[in-house]
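As stored in run32.txt (compact mmCIF, C-alpha atoms and all ligand atoms):
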```txt
# COMPACT_ATOMS: atom_id res chain seq x y z
CA GLU A 1 -52.98 -70.14 -35.82
CA MET A 2 -49.27 -69.70 -35.27
CA ALA A 3 -47.89 -68.75 -31.86
CA TYR A 4 -47.08 -65.06 -31.44
CA ASP A 5 -45.25 -65.31 -28.13
CA ARG A 6 -41.90 -66.16 -29.68
CA TYR A 7 -39.91 -65.57 -32.87
CA GLN A 8 -40.14 -68.55 -35.18
CA PRO A 9 -37.53 -70.22 -37.37
CA LEU A 10 -38.18 -70.49 -41.09
CA GLN A 11 -39.56 -74.02 -40.90
CA VAL A 12 -42.36 -73.03 -38.52
CA ILE A 13 -43.36 -70.14 -40.79
CA TYR A 14 -43.30 -72.41 -43.83
CA ASP A 15 -45.30 -75.12 -42.02
CA TYR A 16 -47.92 -72.49 -41.25
CA ILE A 17 -48.06 -71.26 -44.85
CA ASP A 18 -48.35 -74.84 -46.10
CA SER A 19 -51.11 -75.67 -43.62
CA VAL A 20 -53.15 -72.60 -44.54
CA ALA A 21 -52.89 -73.50 -48.22
CA LYS A 22 -53.90 -77.08 -47.48
CA ASN A 23 -56.82 -76.21 -45.20
CA TYR A 24 -58.29 -73.36 -47.28
CA PRO A 25 -57.86 -74.47 -50.90
CA ASN A 26 -60.82 -72.33 -52.02
CA LEU A 27 -59.28 -69.16 -50.61
CA VAL A 28 -55.54 -69.66 -50.85
CA THR A 29 -52.99 -70.71 -53.44
CA LEU A 30 -49.41 -71.47 -52.43
CA VAL A 31 -46.77 -70.34 -54.92
CA THR A 32 -43.10 -71.32 -54.79
CA PRO A 33 -41.68 -69.35 -57.71
CA ALA A 34 -37.99 -69.98 -57.04
CA ASN A 35 -35.43 -71.19 -54.58
CA SER A 36 -33.12 -68.83 -52.75
CA TYR A 37 -29.38 -68.62 -53.45
CA GLU A 38 -28.74 -71.40 -50.93
CA GLY A 39 -31.63 -73.47 -52.25
CA ARG A 40 -34.47 -72.76 -49.85
CA PRO A 41 -37.95 -72.36 -51.34
CA ILE A 42 -39.36 -68.85 -51.46
CA LYS A 43 -43.07 -69.08 -50.72
CA TYR A 44 -46.00 -66.75 -51.03
CA LEU A 45 -49.77 -67.01 -50.82
CA LYS A 46 -52.32 -65.68 -53.28
CA ILE A 47 -55.54 -65.04 -51.40
CA SER A 48 -58.91 -64.48 -53.06
CA SER A 49 -62.50 -65.08 -51.96
CA THR A 50 -63.52 -65.44 -55.61
CA ASN A 51 -61.03 -66.45 -58.29
CA PHE A 52 -57.56 -64.90 -58.12
CA GLU A 53 -56.89 -65.66 -61.75
CA ASP A 54 -59.91 -63.80 -63.13
CA LYS A 55 -58.23 -60.58 -61.97
CA SER A 56 -61.54 -58.91 -61.22
CA LYS A 57 -60.51 -57.21 -57.98
CA SER A 58 -57.89 -54.71 -56.94
CA LEU A 59 -54.86 -56.29 -55.32
CA ILE A 60 -52.71 -55.56 -52.28
CA PHE A 61 -49.20 -56.98 -51.95
CA ILE A 62 -47.43 -57.30 -48.61
CA GLU A 63 -43.91 -58.67 -48.21
CA SER A 64 -41.49 -58.87 -45.32
CA THR A 65 -38.04 -60.05 -44.25
CA THR A 66 -35.98 -58.67 -47.10
CA HIS A 67 -33.68 -57.70 -44.24
CA ALA A 68 -32.90 -60.86 -42.30
CA ARG A 69 -32.53 -59.39 -38.82
CA GLU A 70 -35.88 -57.58 -38.80
CA TRP A 71 -37.59 -60.38 -36.91
CA ILE A 72 -40.80 -58.51 -36.10
CA THR A 73 -41.70 -58.43 -39.82
CA PRO A 74 -42.58 -62.10 -40.59
CA PRO A 75 -45.09 -62.28 -37.71
CA VAL A 76 -46.84 -59.24 -39.21
CA ALA A 77 -47.08 -61.06 -42.55
CA THR A 78 -48.33 -64.34 -41.10
CA PHE A 79 -50.82 -62.52 -38.87
CA THR A 80 -52.15 -60.76 -41.98
CA ILE A 81 -52.68 -64.19 -43.52
CA HIS A 82 -54.38 -65.32 -40.32
CA LYS A 83 -56.77 -62.35 -40.33
CA LEU A 84 -57.63 -62.77 -44.01
CA VAL A 85 -58.08 -66.53 -44.01
CA GLU A 86 -58.65 -67.95 -40.52
CA ASN A 87 -60.25 -65.07 -38.63
CA LEU A 88 -62.00 -62.79 -41.09
CA THR A 89 -63.32 -60.09 -38.78
CA ASN A 90 -63.15 -57.56 -41.65
CA PRO A 91 -64.93 -59.35 -44.52
CA ASP A 92 -64.68 -56.26 -46.75
CA MET A 93 -60.95 -56.97 -46.99
CA LEU A 94 -61.71 -60.04 -49.14
CA GLU A 95 -64.84 -58.74 -50.83
CA ARG A 96 -62.95 -55.76 -52.14
CA PHE A 97 -59.40 -57.10 -52.70
CA ASP A 98 -57.25 -60.01 -53.65
CA TRP A 99 -54.01 -60.28 -51.69
CA ILE A 100 -50.47 -61.54 -52.09
CA VAL A 101 -48.49 -62.11 -48.89
CA LEU A 102 -44.81 -63.08 -49.03
CA PRO A 103 -43.58 -63.45 -45.43
CA VAL A 104 -39.90 -64.25 -46.00
CA VAL A 105 -38.24 -62.65 -49.03
CA ASN A 106 -34.78 -63.63 -47.78
CA PRO A 107 -34.94 -67.12 -46.24
CA ASP A 108 -31.15 -67.65 -46.34
CA GLY A 109 -30.48 -64.51 -44.37
CA TYR A 110 -33.33 -65.23 -41.96
CA GLU A 111 -31.98 -68.71 -41.18
CA PHE A 112 -28.49 -67.25 -40.79
CA THR A 113 -29.80 -64.84 -38.12
CA HIS A 114 -31.25 -67.80 -36.22
CA ASN A 115 -28.30 -70.18 -36.57
CA SER A 116 -25.26 -67.95 -36.66
CA THR A 117 -25.31 -64.16 -36.71
CA ARG A 118 -28.36 -62.50 -35.15
CA PHE A 119 -27.91 -59.10 -36.80
CA TRP A 120 -27.23 -60.20 -40.39
CA ARG A 121 -29.08 -57.93 -42.84
CA LYS A 122 -28.35 -58.98 -46.41
CA THR A 123 -28.84 -62.01 -48.62
CA ARG A 124 -26.17 -64.74 -48.53
CA SER A 125 -25.11 -64.79 -52.18
CA MET A 126 -21.44 -65.10 -53.05
CA ASP A 127 -21.42 -64.12 -56.71
CA HIS A 128 -19.59 -60.84 -56.40
CA PHE A 129 -15.91 -60.76 -55.61
CA ASP A 130 -14.40 -57.56 -56.96
CA GLY A 131 -11.24 -58.15 -54.98
CA GLN A 132 -13.21 -58.44 -51.75
CA ARG A 133 -14.81 -61.72 -50.78
CA CYS A 134 -17.90 -61.05 -48.73
CA PRO A 135 -21.33 -62.64 -48.87
CA GLY A 136 -24.55 -60.79 -49.25
CA VAL A 137 -26.38 -58.03 -51.08
CA ASP A 138 -28.76 -55.51 -49.55
CA GLY A 139 -32.07 -56.55 -51.10
CA ASN A 140 -33.48 -53.08 -50.55
CA ARG A 141 -30.75 -51.60 -52.76
CA ASN A 142 -30.97 -54.24 -55.51
CA PHE A 143 -34.00 -52.96 -57.48
CA ASP A 144 -33.57 -51.24 -60.81
CA PHE A 145 -34.55 -47.70 -59.93
CA LYS A 146 -31.67 -45.27 -59.48
CA TRP A 147 -29.67 -48.39 -58.71
CA ASN A 148 -26.20 -47.86 -57.19
CA THR A 149 -26.43 -44.08 -57.07
CA VAL A 150 -26.89 -42.90 -53.46
CA GLY A 151 -27.10 -44.51 -50.04
CA VAL A 152 -25.11 -47.58 -51.06
CA SER A 153 -21.77 -49.07 -50.16
CA SER A 154 -19.50 -50.01 -53.07
CA ASN A 155 -17.74 -52.44 -50.72
CA PRO A 156 -19.20 -55.97 -50.99
CA CYS A 157 -18.62 -56.28 -47.26
CA GLY A 158 -20.77 -53.21 -46.57
CA GLU A 159 -24.29 -53.44 -45.18
CA THR A 160 -25.80 -51.55 -48.13
CA PHE A 161 -23.91 -53.23 -50.98
CA PRO A 162 -26.37 -53.06 -53.91
CA GLY A 163 -25.04 -56.11 -55.77
CA GLY A 164 -23.07 -56.40 -58.98
CA ALA A 165 -26.13 -55.51 -61.08
CA PRO A 166 -29.80 -54.61 -60.55
CA PHE A 167 -31.80 -57.73 -59.68
CA SER A 168 -28.67 -59.80 -59.18
CA GLU A 169 -30.49 -61.52 -56.29
CA VAL A 170 -32.96 -64.30 -57.04
CA GLU A 171 -34.95 -63.30 -53.94
CA ILE A 172 -35.38 -59.79 -55.31
CA ARG A 173 -36.31 -61.08 -58.75
CA VAL A 174 -39.20 -62.88 -57.03
CA VAL A 175 -40.49 -59.58 -55.62
CA ARG A 176 -39.96 -57.88 -58.98
CA ASP A 177 -41.91 -60.59 -60.80
CA ILE A 178 -44.84 -60.37 -58.38
CA LEU A 179 -44.97 -56.62 -58.93
CA HIS A 180 -44.96 -56.95 -62.72
CA GLU A 181 -47.34 -59.91 -62.92
CA ASN A 182 -49.98 -58.04 -60.91
CA LEU A 183 -49.23 -54.48 -61.87
CA ASP A 184 -52.47 -53.84 -63.75
CA ARG A 185 -54.51 -54.19 -60.55
CA MET A 186 -52.09 -53.59 -57.68
CA VAL A 187 -53.34 -50.56 -55.75
CA MET A 188 -51.12 -50.83 -52.69
CA TYR A 189 -47.75 -52.36 -51.86
CA LEU A 190 -46.43 -52.60 -48.31
CA SER A 191 -42.77 -53.46 -47.71
CA MET A 192 -42.36 -54.45 -44.07
CA HIS A 193 -39.13 -53.49 -42.31
CA SER A 194 -37.96 -52.52 -38.84
CA TYR A 195 -37.30 -50.50 -36.93
CA GLY A 196 -38.33 -46.90 -36.21
CA SER A 197 -42.17 -46.69 -36.18
CA MET A 198 -42.50 -44.96 -39.55
CA VAL A 199 -44.64 -45.13 -42.66
CA LEU A 200 -42.52 -43.99 -45.61
CA TYR A 201 -43.22 -43.23 -49.25
CA PRO A 202 -41.24 -42.19 -52.41
CA TRP A 203 -38.89 -40.93 -53.49
CA GLY A 204 -36.08 -42.28 -51.39
CA HIS A 205 -33.13 -41.22 -53.54
CA ASP A 206 -33.66 -37.45 -53.55
CA GLY A 207 -36.49 -36.62 -51.16
CA THR A 208 -38.79 -35.28 -53.86
CA LEU A 209 -42.47 -36.21 -54.00
CA SER A 210 -44.33 -38.06 -56.73
CA ASN A 211 -47.66 -37.01 -58.23
CA TYR A 212 -49.30 -39.41 -55.78
CA ALA A 213 -47.84 -37.81 -52.66
CA PHE A 214 -51.16 -36.40 -51.48
CA ALA A 215 -52.86 -39.80 -51.71
CA GLN A 216 -49.85 -41.45 -50.06
CA GLN A 217 -49.82 -38.93 -47.22
CA THR A 218 -53.55 -39.17 -46.48
CA THR A 219 -53.46 -42.96 -46.64
CA ALA A 220 -50.47 -43.07 -44.30
CA VAL A 221 -52.18 -40.68 -41.87
CA ASN A 222 -55.24 -42.92 -41.80
CA MET A 223 -53.14 -46.05 -41.27
CA VAL A 224 -51.16 -44.51 -38.45
CA LYS A 225 -54.29 -43.18 -36.75
CA ALA A 226 -55.70 -46.70 -36.68
CA ILE A 227 -52.42 -48.09 -35.35
CA THR A 228 -52.20 -45.43 -32.68
CA VAL A 229 -55.68 -46.20 -31.31
CA ARG A 230 -54.43 -49.70 -30.50
CA ALA A 231 -50.84 -48.84 -29.61
CA LEU A 232 -49.19 -49.13 -26.22
CA PRO A 233 -48.77 -45.74 -24.55
CA ASP A 234 -45.05 -46.22 -23.88
CA PHE A 235 -44.20 -47.24 -27.46
CA PRO A 236 -42.63 -44.78 -29.92
CA LYS A 237 -45.13 -42.70 -31.90
CA TYR A 238 -45.28 -43.31 -35.64
CA THR A 239 -43.96 -40.67 -38.00
CA ILE A 240 -45.07 -40.33 -41.63
CA GLY A 241 -43.57 -38.93 -44.78
CA ASN A 242 -41.09 -39.07 -47.62
CA SER A 243 -38.58 -41.81 -46.88
CA LYS A 244 -35.46 -39.70 -47.29
CA LEU A 245 -36.79 -36.81 -45.23
CA VAL A 246 -38.23 -38.90 -42.42
CA ILE A 247 -35.51 -41.54 -42.10
CA GLY A 248 -32.78 -39.01 -42.68
CA TYR A 249 -30.69 -40.75 -45.34
CA PRO A 250 -31.17 -41.37 -49.07
CA THR A 251 -31.70 -44.82 -50.57
CA SER A 252 -31.48 -46.00 -54.16
CA GLY A 253 -32.68 -49.27 -55.62
CA SER A 254 -35.35 -49.77 -52.97
CA SER A 255 -38.47 -51.85 -53.50
CA GLN A 256 -40.76 -49.01 -52.46
CA ASP A 257 -39.41 -46.70 -55.12
CA TYR A 258 -39.24 -49.38 -57.81
CA ALA A 259 -42.87 -50.40 -57.26
CA HIS A 260 -44.01 -46.79 -57.49
CA TYR A 261 -41.81 -46.12 -60.51
CA ILE A 262 -43.42 -48.97 -62.47
CA GLY A 263 -46.91 -47.78 -61.52
CA VAL A 264 -48.15 -48.94 -58.10
CA PRO A 265 -49.94 -45.83 -56.81
CA LEU A 266 -49.61 -46.48 -53.08
CA SER A 267 -46.18 -47.82 -52.19
CA PHE A 268 -45.08 -47.74 -48.56
CA THR A 269 -42.23 -48.92 -46.42
CA TYR A 270 -43.31 -49.74 -42.89
CA GLU A 271 -40.62 -49.43 -40.26
CA LEU A 272 -42.26 -51.44 -37.51
CA PRO A 273 -41.60 -50.61 -33.87
CA GLY A 274 -38.37 -51.38 -32.05
CA LEU A 275 -37.20 -50.47 -28.56
CA GLY A 276 -33.68 -49.53 -27.61
CA ARG A 277 -30.86 -48.13 -29.66
CA GLY A 278 -28.63 -49.45 -32.40
CA LEU A 279 -28.85 -53.12 -33.22
CA LEU A 280 -30.94 -53.82 -30.11
CA GLY A 281 -33.88 -52.14 -31.83
CA PHE A 282 -34.06 -55.10 -34.21
CA HIS A 283 -34.46 -57.42 -31.22
CA LEU A 284 -37.84 -56.34 -29.90
CA SER A 285 -38.74 -58.48 -26.92
CA ALA A 286 -40.98 -61.36 -27.97
CA ARG A 287 -43.57 -60.28 -25.44
CA TYR A 288 -44.49 -57.44 -27.84
CA ILE A 289 -45.02 -59.54 -30.97
CA ARG A 290 -48.76 -59.95 -30.43
CA GLN A 291 -49.17 -56.24 -29.76
CA VAL A 292 -47.32 -55.23 -32.91
CA VAL A 293 -49.07 -57.67 -35.23
CA GLU A 294 -52.50 -56.64 -33.97
CA GLU A 295 -51.93 -52.90 -34.17
CA THR A 296 -50.31 -53.22 -37.60
CA TRP A 297 -53.29 -55.22 -38.87
CA GLU A 298 -55.51 -52.27 -37.91
CA GLY A 299 -53.34 -50.04 -40.06
CA ILE A 300 -53.48 -52.44 -43.00
CA VAL A 301 -57.30 -52.56 -42.87
CA VAL A 302 -57.63 -48.80 -42.90
CA GLY A 303 -54.98 -48.43 -45.61
CA ALA A 304 -56.81 -50.96 -47.76
CA ARG A 305 -60.12 -49.13 -47.34
CA ARG A 306 -58.51 -45.85 -48.32
CA ALA A 307 -56.86 -47.51 -51.34
CA GLY A 308 -60.27 -48.83 -52.31
CA GLN A 309 -61.77 -45.34 -52.20
CA LEU A 310 -58.93 -43.85 -54.22
CA TYR A 311 -58.35 -46.50 -56.91
O1 LIG B 1 -32.47 -48.62 -45.35
C1 LIG B 1 -33.47 -49.30 -45.64
O2 LIG B 1 -33.48 -50.10 -46.54
C2 LIG B 1 -34.74 -49.11 -44.82
N1 LIG B 1 -34.44 -49.05 -43.43
S1 LIG B 1 -33.94 -50.41 -42.65
O3 LIG B 1 -33.52 -50.02 -41.30
N2 LIG B 1 -35.16 -51.41 -42.49
O4 LIG B 1 -32.91 -51.02 -43.40
C3 LIG B 1 -35.41 -47.80 -45.18
C4 LIG B 1 -35.73 -47.62 -46.60
C5 LIG B 1 -36.50 -46.35 -46.80
N3 LIG B 1 -36.31 -45.82 -48.10
C6 LIG B 1 -36.91 -46.35 -49.18
N4 LIG B 1 -37.72 -47.36 -49.08
N5 LIG B 1 -36.66 -45.81 -50.34
ZN ZN B 2 -35.11 -53.18 -43.41
```
Transcribe the structure of this file into structure tokens.
Ligand code: 0X9
Ligand code: ZN
Amino acid sequence: EMAYDRYQPLQVIYDYIDSVAKNYPNLVTLVTPANSYEGRPIKYLKISSTNFEDKSKSLIFIESTTHAREWITPPVATFTIHKLVENLTNPDMLERFDWIVLPVVNPDGYEFTHNSTRFWRKTRSMDHFDGQRCPGVDGNRNFDFKWNTVGVSSNPCGETFPGGAPFSEVEIRVVRDILHENLDRMVMYLSMHSYGSMVLYPWGHDGTLSNYAFAQQTTAVNMVKAITVRALPDFPKYTIGNSKLVIGYPTSGSSQDYAHYIGVPLSFTYELPGLGRGLLGFHLSARYIRQVVEETWEGIVVGARRAGQLY
């Protein structure tokens, strides 16, 4: 088990992923589909109690750290791995589902927040000049659904620059490829972000609801109930709903909307808890990591069970 009393640099997360794959070869397969812009491996685990490749079970996909500064998100992903592989207190989670967990979508950005600029959000690519020379694309604006329409900055130096083209970022192509490769059996996709204590669902660009809104709402309510049972009394209460309406601004080219657009029925963005205002909210004190990963796991379990009933 990894330590959950401090935020970990990329190498510690990767050492953990590697060790799980090595120690549980019958349950876990390590995949390194590509390297990041700066050449770091992007790693995810395929987890199955039977045979992942026979595609017999429904699948749940969880990713985190598209946004580099959202440090509470990779512990949630690694703790999910821990609960599925090393401490299976909910065996139905593996009997019923196969899982893909990708803890660090954006390793370049994540390292940059540790070594240089704590509140960096975007990737670190330098392929887009357009007069301005600024690194980085907002990975959660880089997907090909309503790309570059609302809630984006046309300035490459802006925090929500969507890139020069949809899927310009290799890190985002990795997420896209996982979605497409497993689309026929993916029942739920969770995109982990922070902060704000919210569970959000499509559509982010215009605030309208999809045909799956009722299932999304009831699943989110169940997840949040389970989180709340375990939550600290002084932490912010979770809110639930359409991402534009709840978060208060539109987004285009997000992973949540893209996944739902191509056919994943339950597609959620989690905004994990933060305390304080502004950028400080991204820097949740490390003493709360264990609390957040444990309460979030409770939500994931209940969400999975609901997904299993629905699809
Ligand atoms: O703006 C974002 O990308 C997300 N918030 S964050 O503070 N983590 O950057 C919210 C995205 C919600 N909307 C959609 N997923 N469509
Ligand atoms: Zn985010």
Using all atoms listed in the file, which protein or nucleic acid residues are at most 6 Å from ligand LIG 1 (chain B), as an MDAnalysis selection string? chainID A and resid 140 193:195 204 243 251 254 256:257 269
Could you tell me how far CA of Thr66 in chain A lies from CA of Gly139 in chain A, in Å and to one decimal?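 Separating CA of Thr66 in chain A from CA of Gly139 in chain A is a distance of 6.0 Å.
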Could you check the closest approach to ligand ZN 2 (chain B) for each of A:Ser252, A:Ser197, A:Ser191, A:Ser58 and tell me which residue wins, using only C-alpha atoms and all ligand atoms? A:Ser191
Nearest residue to Cys157 in chain A out of A:Met126, A:Ala304, A:Met223, A:Ile240, using all atoms listed in the file? A:Met126
Here is a test: counting only C-alpha atoms, which residue of A:Ala165, A:Asn222, A:Gly274, A:Gly241 is nearest to Ala286 in chain A?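 Of all the options, A:Gly274 lies closest to Ala286 in chain A.
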What would the list of residues within 10 Å of (-45.6, -45.5, -30.0) (file frame) look like as a PyMOL selection string, if only C-alpha atoms are what count? chain A and resi 196-197+227-228+230-239+273-275
Work out where the centre of an axis-aligned box around every listed atom of range 150-158 of chain A lies and how long its edges are once 4 Å is added on each side; give both in Å to one decimal as lines of an AutoDock Vina configuration file.
```
center_x = -22.4
center_y = -49.6
center_z = -50.0
size_x = 17.4
size_y = 21.4
size_z = 14.9
```
Measure the distance from CA of Tyr261 in chain A to CA of Asn51 in chain A in Å and round it to one decimal.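 According to the coordinates, CA of Tyr261 in chain A and CA of Asn51 in chain A are separated by 28.1 Å.
The coordinates place CA of Glu298 in chain A at 13.5 Å from CA of Ile81 in chain A.
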Counting only C-alpha atoms, the option among A:Thr296, A:Thr50, A:Gln11, A:Asn148 closest to Thr29 in chain A: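 Counting only C-alpha atoms, the residue closest to Thr29 in chain A is A:Thr50.
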Judged by only C-alpha atoms, the minimum distance to Ile247 in chain A among A:Asn155, A:His205, A:Ile17, A:Gly281 is found for A:His205
Mind completing range 246-274 of chain A with N, CA and C atoms? Output as a PDB file, in the frame of the given file, please?
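File produced: selection-v6.pdb:
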```pdb
ATOM      1  N   VAL A 246     -37.864 -38.398 -43.738  1.00  0.00           N
ATOM      2  CA  VAL A 246     -38.230 -38.900 -42.420  1.00  0.00           C
ATOM      3  C   VAL A 246     -37.121 -39.761 -41.819  1.00  0.00           C
ATOM      4  N   ILE A 247     -36.520 -40.630 -42.650  1.00  0.00           N
ATOM      5  CA  ILE A 247     -35.510 -41.540 -42.100  1.00  0.00           C
ATOM      6  C   ILE A 247     -34.148 -40.858 -42.023  1.00  0.00           C
ATOM      7  N   GLY A 248     -33.962 -39.830 -42.831  1.00  0.00           N
ATOM      8  CA  GLY A 248     -32.780 -39.010 -42.680  1.00  0.00           C
ATOM      9  C   GLY A 248     -31.595 -39.407 -43.546  1.00  0.00           C
ATOM     10  N   TYR A 249     -31.755 -40.414 -44.388  1.00  0.00           N
ATOM     11  CA  TYR A 249     -30.690 -40.750 -45.340  1.00  0.00           C
ATOM     12  C   TYR A 249     -31.325 -41.191 -46.657  1.00  0.00           C
ATOM     13  N   PRO A 250     -30.622 -40.974 -47.778  1.00  0.00           N
ATOM     14  CA  PRO A 250     -31.170 -41.370 -49.070  1.00  0.00           C
ATOM     15  C   PRO A 250     -30.984 -42.871 -49.314  1.00  0.00           C
ATOM     16  N   THR A 251     -31.846 -43.422 -50.155  1.00  0.00           N
ATOM     17  CA  THR A 251     -31.700 -44.820 -50.570  1.00  0.00           C
ATOM     18  C   THR A 251     -31.959 -44.888 -52.066  1.00  0.00           C
ATOM     19  N   SER A 252     -31.215 -45.730 -52.742  1.00  0.00           N
ATOM     20  CA  SER A 252     -31.480 -46.000 -54.160  1.00  0.00           C
ATOM     21  C   SER A 252     -31.694 -47.493 -54.330  1.00  0.00           C
ATOM     22  N   GLY A 253     -32.437 -47.852 -55.364  1.00  0.00           N
ATOM     23  CA  GLY A 253     -32.680 -49.270 -55.620  1.00  0.00           C
ATOM     24  C   GLY A 253     -33.584 -49.941 -54.612  1.00  0.00           C
ATOM     25  N   SER A 254     -34.458 -49.172 -53.966  1.00  0.00           N
ATOM     26  CA  SER A 254     -35.350 -49.770 -52.970  1.00  0.00           C
ATOM     27  C   SER A 254     -36.605 -50.326 -53.643  1.00  0.00           C
ATOM     28  N   SER A 255     -37.255 -51.247 -52.960  1.00  0.00           N
ATOM     29  CA  SER A 255     -38.470 -51.850 -53.500  1.00  0.00           C
ATOM     30  C   SER A 255     -39.606 -50.846 -53.549  1.00  0.00           C
ATOM     31  N   GLN A 256     -39.700 -50.025 -52.512  1.00  0.00           N
ATOM     32  CA  GLN A 256     -40.760 -49.010 -52.460  1.00  0.00           C
ATOM     33  C   GLN A 256     -40.705 -48.089 -53.678  1.00  0.00           C
ATOM     34  N   ASP A 257     -39.534 -47.613 -53.997  1.00  0.00           N
ATOM     35  CA  ASP A 257     -39.410 -46.700 -55.120  1.00  0.00           C
ATOM     36  C   ASP A 257     -39.599 -47.415 -56.449  1.00  0.00           C
ATOM     37  N   TYR A 258     -39.076 -48.630 -56.567  1.00  0.00           N
ATOM     38  CA  TYR A 258     -39.240 -49.380 -57.810  1.00  0.00           C
ATOM     39  C   TYR A 258     -40.713 -49.641 -58.094  1.00  0.00           C
ATOM     40  N   ALA A 259     -41.446 -50.093 -57.075  1.00  0.00           N
ATOM     41  CA  ALA A 259     -42.870 -50.400 -57.260  1.00  0.00           C
ATOM     42  C   ALA A 259     -43.618 -49.156 -57.723  1.00  0.00           C
ATOM     43  N   HIS A 260     -43.309 -48.029 -57.115  1.00  0.00           N
ATOM     44  CA  HIS A 260     -44.010 -46.790 -57.490  1.00  0.00           C
ATOM     45  C   HIS A 260     -43.609 -46.338 -58.893  1.00  0.00           C
ATOM     46  N   TYR A 261     -42.343 -46.495 -59.195  1.00  0.00           N
ATOM     47  CA  TYR A 261     -41.810 -46.120 -60.510  1.00  0.00           C
ATOM     48  C   TYR A 261     -42.497 -46.895 -61.632  1.00  0.00           C
ATOM     49  N   ILE A 262     -42.766 -48.190 -61.402  1.00  0.00           N
ATOM     50  CA  ILE A 262     -43.420 -48.970 -62.470  1.00  0.00           C
ATOM     51  C   ILE A 262     -44.935 -48.785 -62.457  1.00  0.00           C
ATOM     52  N   GLY A 263     -45.492 -48.136 -61.428  1.00  0.00           N
ATOM     53  CA  GLY A 263     -46.910 -47.780 -61.520  1.00  0.00           C
ATOM     54  C   GLY A 263     -47.814 -48.135 -60.364  1.00  0.00           C
ATOM     55  N   VAL A 264     -47.284 -48.676 -59.257  1.00  0.00           N
ATOM     56  CA  VAL A 264     -48.150 -48.940 -58.100  1.00  0.00           C
ATOM     57  C   VAL A 264     -48.414 -47.608 -57.395  1.00  0.00           C
ATOM     58  N   PRO A 265     -49.682 -47.184 -57.310  1.00  0.00           N
ATOM     59  CA  PRO A 265     -49.940 -45.830 -56.810  1.00  0.00           C
ATOM     60  C   PRO A 265     -49.569 -45.633 -55.343  1.00  0.00           C
ATOM     61  N   LEU A 266     -49.915 -46.604 -54.503  1.00  0.00           N
ATOM     62  CA  LEU A 266     -49.610 -46.480 -53.080  1.00  0.00           C
ATOM     63  C   LEU A 266     -48.519 -47.466 -52.717  1.00  0.00           C
ATOM     64  N   SER A 267     -47.327 -46.968 -52.478  1.00  0.00           N
ATOM     65  CA  SER A 267     -46.180 -47.820 -52.190  1.00  0.00           C
ATOM     66  C   SER A 267     -45.509 -47.328 -50.912  1.00  0.00           C
ATOM     67  N   PHE A 268     -45.564 -48.155 -49.876  1.00  0.00           N
ATOM     68  CA  PHE A 268     -45.080 -47.740 -48.560  1.00  0.00           C
ATOM     69  C   PHE A 268     -44.030 -48.698 -48.014  1.00  0.00           C
ATOM     70  N   THR A 269     -43.095 -48.141 -47.291  1.00  0.00           N
ATOM     71  CA  THR A 269     -42.230 -48.920 -46.420  1.00  0.00           C
ATOM     72  C   THR A 269     -42.720 -48.716 -44.990  1.00  0.00           C
ATOM     73  N   TYR A 270     -43.023 -49.801 -44.317  1.00  0.00           N
ATOM     74  CA  TYR A 270     -43.310 -49.740 -42.890  1.00  0.00           C
ATOM     75  C   TYR A 270     -42.018 -50.010 -42.128  1.00  0.00           C
ATOM     76  N   GLU A 271     -41.651 -49.115 -41.256  1.00  0.00           N
ATOM     77  CA  GLU A 271     -40.620 -49.430 -40.260  1.00  0.00           C
ATOM     78  C   GLU A 271     -41.380 -49.730 -38.975  1.00  0.00           C
ATOM     79  N   LEU A 272     -41.497 -50.999 -38.681  1.00  0.00           N
ATOM     80  CA  LEU A 272     -42.260 -51.440 -37.510  1.00  0.00           C
ATOM     81  C   LEU A 272     -41.532 -51.035 -36.228  1.00  0.00           C
ATOM     82  N   PRO A 273     -42.221 -51.100 -35.107  1.00  0.00           N
ATOM     83  CA  PRO A 273     -41.600 -50.610 -33.870  1.00  0.00           C
ATOM     84  C   PRO A 273     -40.400 -51.442 -33.402  1.00  0.00           C
ATOM     85  N   GLY A 274     -39.470 -50.754 -32.774  1.00  0.00           N
ATOM     86  CA  GLY A 274     -38.370 -51.380 -32.050  1.00  0.00           C
ATOM     87  C   GLY A 274     -38.150 -50.576 -30.783  1.00  0.00           C
TER      88      GLY A 274
END
```
